[in-house]
>>> print(open('model-v6.txt').read())   # compact mmCIF, C-alpha atoms
# COMPACT_ATOMS: atom_id res chain seq x y z
CA MET A 1 128.99 3.16 -13.91
CA ASN A 2 131.74 4.11 -11.50
CA THR A 3 134.95 2.17 -10.91
CA TYR A 4 133.62 0.53 -7.76
CA HIS A 5 130.57 -0.87 -9.53
CA GLY A 6 132.68 -1.99 -12.47
CA LEU A 7 135.01 -3.90 -10.16
CA LEU A 8 132.10 -5.37 -8.29
CA LEU A 9 130.61 -6.69 -11.53
CA VAL A 10 133.92 -8.27 -12.50
CA VAL A 11 134.24 -9.91 -9.10
CA LEU A 12 130.65 -11.18 -9.22
CA ALA A 13 131.10 -12.50 -12.74
CA PHE A 14 134.25 -14.32 -11.68
CA ALA A 15 132.54 -15.71 -8.60
CA ALA A 16 129.60 -16.89 -10.69
CA SER A 17 131.83 -18.61 -13.21
CA ALA A 18 133.92 -20.19 -10.46
CA HIS A 19 130.74 -21.39 -8.77
CA GLY A 20 129.46 -22.80 -12.04
CA ALA A 21 132.74 -24.64 -12.60
CA SER A 22 132.74 -26.04 -9.09
CA ASP A 23 129.16 -27.26 -9.60
CA LYS A 24 130.14 -29.19 -12.70
CA LEU A 25 133.70 -30.24 -12.33
CA PRO A 26 133.66 -32.35 -9.15
CA GLY A 27 130.77 -34.42 -10.41
CA GLU A 28 132.40 -34.83 -13.79
CA GLN A 29 135.49 -36.15 -12.08
CA VAL A 30 133.41 -38.61 -10.11
CA TYR A 31 131.63 -39.61 -13.32
CA ALA A 32 135.00 -40.63 -14.79
CA ARG A 33 134.81 -43.64 -12.47
CA CYS A 34 131.77 -44.84 -14.38
CA ALA A 35 133.58 -44.80 -17.73
CA ALA A 36 134.40 -48.50 -17.81
CA CYS A 37 130.73 -49.31 -18.26
CA HIS A 38 128.67 -46.18 -18.93
CA ALA A 39 128.37 -43.30 -21.36
CA LEU A 40 125.89 -40.47 -21.45
CA ALA A 41 124.37 -40.98 -24.87
CA TYR A 42 124.74 -44.65 -25.69
CA ASP A 43 124.46 -48.02 -24.03
CA ARG A 44 127.60 -49.93 -23.14
CA VAL A 45 128.10 -52.57 -20.44
CA GLY A 46 125.67 -50.36 -18.55
CA PRO A 47 122.80 -48.30 -19.91
CA ARG A 48 123.05 -44.70 -21.13
CA HIS A 49 122.69 -41.89 -18.61
CA CYS A 50 120.96 -39.24 -20.71
CA GLY A 51 117.45 -38.93 -19.32
CA LEU A 52 118.31 -40.88 -16.19
CA LEU A 53 116.55 -38.66 -13.67
CA GLY A 54 112.85 -39.36 -13.75
CA ARG A 55 113.32 -42.65 -15.54
CA ARG A 56 112.03 -45.95 -14.24
CA ALA A 57 114.94 -48.26 -13.40
CA GLY A 58 115.48 -50.92 -16.01
CA SER A 59 113.49 -49.15 -18.70
CA VAL A 60 115.91 -48.16 -21.46
CA PRO A 61 114.58 -50.01 -24.49
CA SER A 62 116.99 -52.51 -26.01
CA PHE A 63 119.28 -52.60 -22.98
CA ALA A 64 119.54 -56.04 -21.38
CA TYR A 65 119.06 -55.34 -17.68
CA SER A 66 119.35 -57.83 -14.87
CA PRO A 67 115.95 -59.10 -13.72
CA ALA A 68 116.76 -57.53 -10.35
CA MET A 69 117.04 -54.05 -11.85
CA LYS A 70 114.01 -54.51 -14.09
CA ASN A 71 111.91 -55.54 -11.12
CA SER A 72 113.32 -53.06 -8.62
CA GLY A 73 110.41 -50.66 -8.98
CA LEU A 74 112.75 -47.72 -8.55
CA ILE A 75 112.26 -44.39 -10.22
CA TRP A 76 115.56 -42.56 -10.47
CA ASP A 77 115.50 -39.29 -8.60
CA GLU A 78 118.01 -37.63 -6.31
CA LYS A 79 116.98 -39.76 -3.35
CA THR A 80 116.91 -43.15 -5.04
CA LEU A 81 120.12 -42.45 -6.90
CA ASP A 82 121.81 -41.39 -3.69
CA ARG A 83 120.76 -44.61 -1.97
CA PHE A 84 121.72 -46.79 -4.92
CA LEU A 85 125.08 -45.16 -5.53
CA ALA A 86 126.00 -45.59 -1.88
CA GLN A 87 125.52 -49.38 -2.00
CA PRO A 88 124.28 -50.63 -5.36
CA MET A 89 124.26 -54.30 -4.48
CA LYS A 90 122.45 -53.77 -1.21
CA VAL A 91 119.76 -51.55 -2.70
CA VAL A 92 119.23 -53.80 -5.73
CA PRO A 93 120.50 -57.26 -4.82
CA GLY A 94 121.31 -59.12 -8.02
CA THR A 95 122.12 -56.00 -10.03
CA ALA A 96 124.75 -56.42 -12.72
CA MET A 97 126.33 -53.20 -11.45
CA THR A 98 128.74 -55.07 -9.25
CA TYR A 99 130.30 -52.03 -7.68
CA ASP A 100 130.94 -51.39 -4.01
CA GLY A 101 129.48 -47.90 -4.17
CA ILE A 102 130.47 -44.34 -3.41
CA PRO A 103 130.58 -43.93 0.36
CA ASP A 104 131.14 -40.17 0.41
CA PRO A 105 127.78 -38.28 0.39
CA LYS A 106 129.41 -35.20 -1.13
CA GLU A 107 130.79 -37.23 -4.04
CA ARG A 108 127.38 -38.81 -4.61
CA SER A 109 125.74 -35.42 -4.52
CA ASP A 110 128.30 -34.05 -6.98
CA LEU A 111 127.76 -37.01 -9.28
CA ILE A 112 123.98 -36.63 -9.26
CA ALA A 113 124.35 -32.90 -9.91
CA TYR A 114 126.59 -33.73 -12.87
CA LEU A 115 124.10 -36.25 -14.26
CA LYS A 116 121.38 -33.59 -14.08
CA TYR A 117 123.65 -31.03 -15.73
CA ALA A 118 124.79 -33.46 -18.42
CA ASN A 119 121.22 -34.20 -19.41
CA ASP A 120 121.22 -30.80 -21.09
CA ALA A 121 124.55 -31.40 -22.84
CA PRO A 122 124.39 -31.46 -26.64
CA GLU A 123 124.83 -35.24 -26.83
CA CYS A 124 121.79 -35.75 -24.60
CA ARG A 125 119.74 -33.06 -26.33
CA ALA A 126 120.44 -34.76 -29.65
CA LEU A 127 118.74 -37.91 -28.37
CA ARG A 128 115.58 -35.94 -27.68
CA ILE A 129 115.22 -34.74 -31.25
CA PRO A 130 112.56 -36.89 -32.88
CA PRO A 131 113.72 -38.68 -36.02
CA HIS A 132 112.52 -37.19 -39.29
CA MET B 1 163.33 -67.15 -14.07
CA SER B 2 161.69 -64.16 -12.43
CA PHE B 3 160.49 -61.04 -14.20
CA LEU B 4 162.58 -59.19 -11.64
CA HIS B 5 165.73 -60.60 -13.20
CA LEU B 6 164.94 -59.57 -16.73
CA THR B 7 166.91 -56.58 -17.85
CA HIS B 8 164.98 -55.58 -20.95
CA PRO B 9 161.25 -55.17 -21.54
CA GLN B 10 161.47 -57.07 -24.83
CA GLU B 11 162.95 -60.03 -23.02
CA ALA B 12 160.14 -59.88 -20.49
CA ARG B 13 157.59 -59.65 -23.29
CA ARG B 14 159.14 -62.64 -25.11
CA LEU B 15 158.94 -64.72 -21.97
CA PHE B 16 155.46 -63.38 -21.22
CA LEU B 17 154.13 -64.37 -24.63
CA GLY B 18 155.93 -67.68 -24.51
CA GLN B 19 153.94 -68.88 -21.55
CA SER B 20 150.66 -70.69 -21.77
CA GLY B 21 147.55 -68.53 -21.85
CA LEU B 22 146.78 -69.27 -18.24
CA MET B 23 150.11 -67.92 -17.07
CA LEU B 24 149.84 -64.66 -18.97
CA SER B 25 148.85 -62.47 -16.10
CA GLY B 26 151.18 -63.84 -13.48
CA ALA B 27 150.80 -65.57 -10.19
CA ALA B 28 147.80 -63.66 -8.85
CA VAL B 29 145.67 -64.44 -11.85
CA ALA B 30 146.79 -68.04 -11.76
CA LEU B 31 144.68 -68.09 -8.63
CA LEU B 32 141.72 -67.63 -10.91
CA ALA B 33 142.51 -70.08 -13.63
CA GLY B 34 145.08 -72.46 -12.33
CA ARG B 35 143.38 -73.93 -9.29
CA GLU B 36 140.84 -76.55 -10.07
CA ALA B 37 139.76 -76.54 -6.44
CA LEU B 38 138.71 -72.90 -6.60
CA ALA B 39 135.14 -73.62 -7.61
CA ALA B 40 134.75 -76.19 -4.90
CA LYS B 41 136.04 -73.79 -2.28
CA THR B 42 133.53 -71.12 -3.04
CA GLY B 43 130.43 -71.15 -0.95
CA ASP B 44 127.49 -68.86 -0.57
CA GLY B 45 128.96 -66.01 -2.54
CA LYS B 46 129.51 -68.11 -5.64
CA ALA B 47 126.66 -66.65 -7.69
CA GLN B 48 127.59 -63.11 -6.73
CA ASP B 49 131.27 -63.74 -7.49
CA SER B 50 130.28 -65.09 -10.87
CA GLN B 51 128.15 -61.99 -11.56
CA ILE B 52 131.00 -59.67 -10.57
CA LEU B 53 133.38 -61.49 -12.88
CA ASN B 54 130.83 -61.44 -15.70
CA THR B 55 130.37 -57.70 -15.41
CA ALA B 56 134.15 -57.29 -15.53
CA LEU B 57 134.26 -59.64 -18.50
CA GLY B 58 131.73 -57.50 -20.36
CA ALA B 59 133.91 -54.44 -19.83
CA GLU B 60 137.06 -56.31 -20.89
CA LEU B 61 135.38 -57.49 -24.10
CA GLU B 62 134.37 -53.93 -24.86
CA ALA B 63 137.93 -52.73 -24.19
CA ILE B 64 139.25 -55.31 -26.65
CA ALA B 65 136.82 -53.99 -29.26
CA ALA B 66 137.80 -50.40 -28.48
CA TYR B 67 141.49 -51.10 -29.00
CA GLN B 68 140.63 -52.93 -32.21
CA LEU B 69 138.77 -49.84 -33.37
CA GLY B 70 141.82 -47.73 -32.54
CA ALA B 71 144.18 -50.13 -34.29
CA GLU B 72 142.06 -50.15 -37.44
CA SER B 73 141.44 -46.41 -37.42
CA LYS B 74 144.74 -45.66 -39.20
CA LEU B 75 145.11 -42.81 -36.70
CA LEU B 76 147.74 -44.54 -34.59
CA GLN B 77 151.40 -44.23 -35.55
CA GLN B 78 154.22 -46.46 -34.40
CA PRO B 79 155.16 -47.06 -31.65
CA VAL B 80 151.72 -46.11 -30.31
CA LEU B 81 150.04 -48.74 -32.48
CA ASP B 82 152.19 -51.50 -30.97
CA LEU B 83 151.47 -50.15 -27.50
CA ALA B 84 147.72 -50.23 -28.15
CA LEU B 85 147.92 -53.79 -29.45
CA SER B 86 149.98 -54.77 -26.42
CA PHE B 87 147.31 -53.34 -24.10
CA GLN B 88 144.63 -55.07 -26.13
CA GLY B 89 146.54 -58.32 -25.57
CA HIS B 90 146.37 -57.74 -21.82
CA HIS B 91 142.62 -57.25 -22.02
CA LYS B 92 142.31 -60.44 -24.05
CA ALA B 93 144.24 -62.28 -21.35
CA HIS B 94 141.99 -60.80 -18.65
CA ALA B 95 138.87 -61.74 -20.62
CA GLU B 96 140.03 -65.29 -21.23
CA LEU B 97 140.71 -65.87 -17.57
CA LEU B 98 137.53 -64.19 -16.38
CA ALA B 99 135.45 -66.31 -18.76
CA LYS B 100 137.11 -69.52 -17.62
CA THR B 101 136.60 -68.61 -13.99
CA VAL B 102 132.92 -67.77 -14.51
CA GLU B 103 132.54 -71.24 -16.03
CA LYS B 104 134.36 -72.82 -13.10
CA LEU B 105 131.97 -71.08 -10.75
CA GLY B 106 129.07 -72.58 -12.65
CA GLY B 107 128.09 -69.41 -14.48
CA LYS B 108 127.72 -68.62 -18.13
CA PRO B 109 130.31 -66.14 -19.38
CA VAL B 110 129.02 -63.20 -21.39
CA VAL B 111 130.12 -63.22 -25.01
CA PRO B 112 131.28 -60.30 -27.15
CA LYS B 113 128.48 -58.16 -28.54
CA THR B 114 127.96 -58.23 -32.26
CA ALA B 115 128.46 -54.46 -32.28
CA TYR B 116 129.69 -51.88 -29.80
CA ASN B 117 128.83 -48.22 -29.50
CA PHE B 118 131.87 -46.01 -29.66
CA PRO B 119 132.06 -42.26 -30.25
CA VAL B 120 133.67 -42.79 -33.65
CA ASN B 121 132.82 -39.31 -34.91
CA GLN B 122 134.83 -37.82 -32.03
CA LEU B 123 137.99 -39.78 -32.86
CA LYS B 124 139.83 -37.74 -35.44
CA SER B 125 143.45 -37.95 -34.33
CA GLN B 126 145.86 -40.19 -32.50
CA GLU B 127 145.46 -38.01 -29.43
CA ASP B 128 141.66 -38.43 -29.54
CA VAL B 129 142.08 -42.21 -29.60
CA LEU B 130 144.58 -42.15 -26.75
CA ARG B 131 142.37 -39.92 -24.61
CA PHE B 132 139.39 -42.17 -25.31
CA ALA B 133 141.43 -45.23 -24.31
CA ALA B 134 142.67 -43.44 -21.20
CA ARG B 135 139.08 -42.73 -20.13
CA LEU B 136 138.19 -46.39 -20.54
CA GLU B 137 141.25 -47.48 -18.57
CA GLN B 138 140.50 -44.99 -15.80
CA GLY B 139 136.99 -46.35 -15.61
CA ALA B 140 138.33 -49.88 -15.51
CA VAL B 141 140.55 -49.02 -12.57
CA SER B 142 137.53 -47.66 -10.70
CA ALA B 143 135.37 -50.62 -11.66
CA TYR B 144 137.89 -53.15 -10.38
CA LEU B 145 138.45 -51.07 -7.27
CA GLY B 146 134.72 -51.18 -6.68
CA ALA B 147 134.64 -54.93 -7.25
CA VAL B 148 137.58 -55.99 -5.08
CA PRO B 149 135.75 -55.71 -1.73
CA LEU B 150 132.67 -57.54 -3.02
CA PHE B 151 134.02 -61.00 -3.70
CA GLY B 152 133.08 -63.77 -1.34
CA ASN B 153 136.31 -65.50 -2.21
CA ARG B 154 139.28 -63.40 -1.21
CA GLU B 155 141.50 -65.05 -3.77
CA LEU B 156 139.26 -63.56 -6.44
CA SER B 157 139.73 -60.16 -4.79
CA LYS B 158 143.46 -60.63 -5.01
CA ALA B 159 143.26 -61.59 -8.66
CA ALA B 160 140.97 -58.64 -9.45
CA ALA B 161 143.48 -56.37 -7.73
CA SER B 162 146.16 -57.81 -10.00
CA ILE B 163 144.12 -56.83 -13.05
CA LEU B 164 143.44 -53.42 -11.48
CA GLY B 165 147.18 -52.85 -11.28
CA ASP B 166 147.56 -53.64 -14.97
CA GLU B 167 144.73 -51.27 -15.95
CA ALA B 168 146.29 -48.54 -13.81
CA MET B 169 149.57 -48.95 -15.66
CA HIS B 170 147.74 -48.64 -18.99
CA TRP B 171 146.02 -45.49 -17.76
CA ALA B 172 149.29 -43.95 -16.60
CA VAL B 173 151.08 -44.71 -19.87
CA LEU B 174 148.19 -43.29 -21.91
CA ARG B 175 148.12 -40.13 -19.78
CA GLN B 176 151.85 -39.75 -20.33
CA ALA B 177 151.38 -40.25 -24.07
CA VAL B 178 148.97 -37.29 -24.30
CA GLY B 179 151.21 -35.07 -22.20
CA GLU B 180 149.39 -35.33 -18.90
CA THR B 181 150.95 -36.14 -15.55
CA PRO B 182 151.01 -39.92 -15.70
CA VAL B 183 150.22 -40.51 -12.05
CA PRO B 184 148.31 -37.47 -10.85
CA MET B 185 147.37 -38.62 -7.38
CA ALA B 186 148.45 -40.91 -4.59
CA PHE B 187 145.20 -42.87 -4.56
CA VAL B 188 142.82 -44.07 -7.24
CA SER B 189 139.09 -43.95 -6.72
>>> encode(input="model-v6.txt", output="structure tokens")
Amino acid sequence: MNTYHGLLLVVLAFAASAHGASDKLPGEQVYARCAACHALAYDRVGPRHCGLLGRRAGSVPSFAYSPAMKNSGLIWDEKTLDRFLAQPMKVVPGTAMTYDGIPDPKERSDLIAYLKYANDAPECRALRIPPH
Amino acid sequence: MSFLHLTHPQEARRLFLGQSGLMLSGAAVALLAGREALAAKTGDGKAQDSQILNTALGAELEAIAAYQLGAESKLLQQPVLDLALSFQGHHKAHAELLAKTVEKLGGKPVVPKTAYNFPVNQLKSQEDVLRFAARLEQGAVSAYLGAVPLFGNRELSKAAASILGDEAMHWAVLRQAVGETPVPMAFVS
């Protein structure tokens, strides 16, 4: 490998790591806003977020949802989450998530990307291990 | 006497604790608890206002439990322990007023859970506890910020903003305590 190729690899590696960080970090910062009520791996005032994408709204066992959320018929994917996060109380009137929403599409997109990423974090993976 | 005229925080605290429970959080929160006419003034948004307050109450009750966990963890040294208990006292005052207001609006206030989930295995030092508390306070700031525009009754918005200010002070102090810039930005979100 010559010097040029070596440098190129270093630059590409740096760019890849910077890209990876920028994919994660903004959404993680947005997720900090959820920390009064939510956690990834356990239920709090709001339900856990591990396994959110693909899940039917109002379906975490043992979490006491509002009837509105239980009956919303939503399946959480990028589109439904984006709509809900923009205006939770308009999309699911009567939801207990009494939050005005995230008006910035980029912040919503970052947050959804983080939720997808976090689903593979160790604390979420641990929930998927069947009990012995 | 005004808080503005008090020269020492201890004096302010003495006066603060000497007041009745309904005066604990100052004039803005008295809007919530002190006005018997409040319930009568609320109209169509009453049920939604009650739901917003109940969600906030649930978070306040959890914060009280979280500070209790921290206080009993034996990880907190003085004066941090006193600080944590002081913040817990604020959350108790918020919760008491929110519960009373939900009742005034005709709702049923949520009650503390019999058990809360906390990441106990991740709390191994005083700094861990402070960072955990800071995350909760940051979330509380965002939650109140997201609630303020939703109230049908603007006086409730004002009172929620008063609580938001208190949570923001907690967050800043906790950030400072773990060596972070206490107020890292001009706006909260």
>>> interface_residues(input="model-v6.txt", of="chain B", to="chain A", cutoff="10 Å", atoms="all atoms listed in the file", output="VMD selection string")
chain B and resid 47 to 49 51 to 63 113 116 to 119 132 134 to 151 188 to 189
>>> closest_residue(input="model-v6.txt", among="A:Arg125, A:Lys90, A:His49, A:Arg55", to="Trp76 in chain A", atoms="all atoms listed in the file")
A:Arg55
>>> atom_distance(input="model-v6.txt", atom1="CA of Lys46 in chain B", atom2="CA of Arg154 in chain B")
11.7 Å
>>> atom_distance(input="model-v6.txt", atom1="CA of Ile112 in chain A", atom2="CA of Tyr65 in chain A")
21.1 Å
>>> residues_around(input="model-v6.txt", residues="Gly54 in chain A", least_positions_apart="3", cutoff="8 Å", atoms="all atoms listed in the file", output="list in words")
Gly51, Ile75, Trp76 and Asp77 of chain A
>>> closest_residue(input="model-v6.txt", among="B:Lys104, B:Glu180, B:Ala66, B:Lys158", to="His91 in chain B", atoms="all atoms listed in the file")
B:Ala66
>>> atom_distance(input="model-v6.txt", atom1="CA of Leu130 in chain B", atom2="CA of Ala168 in chain B")
14.5 Å
>>> residues_around(input="model-v6.txt", residues="Tyr114 in chain A", least_positions_apart="4", cutoff="10 Å", atoms="only C-alpha atoms", output="list in words")
Asp23, Lys24, Leu25, Pro26, Gly27, Glu28, Gln29, Val30, Tyr31, Arg108, Ser109, Asp110, Ala118 and Asn119 of chain A
>>> residues_around(input="model-v6.txt", residues="Ser72 in chain A", least_positions_apart="3", cutoff="10 Å", atoms="only C-alpha atoms", output="PyMOL selection string")
chain A and resi 56-58+66-69+75+91-93+95
>>> closest_residue(input="model-v6.txt", among="B:Leu98, B:Val120, B:Ala186, B:Leu105", to="Glu72 in chain B", atoms="all atoms listed in the file")
B:Val120
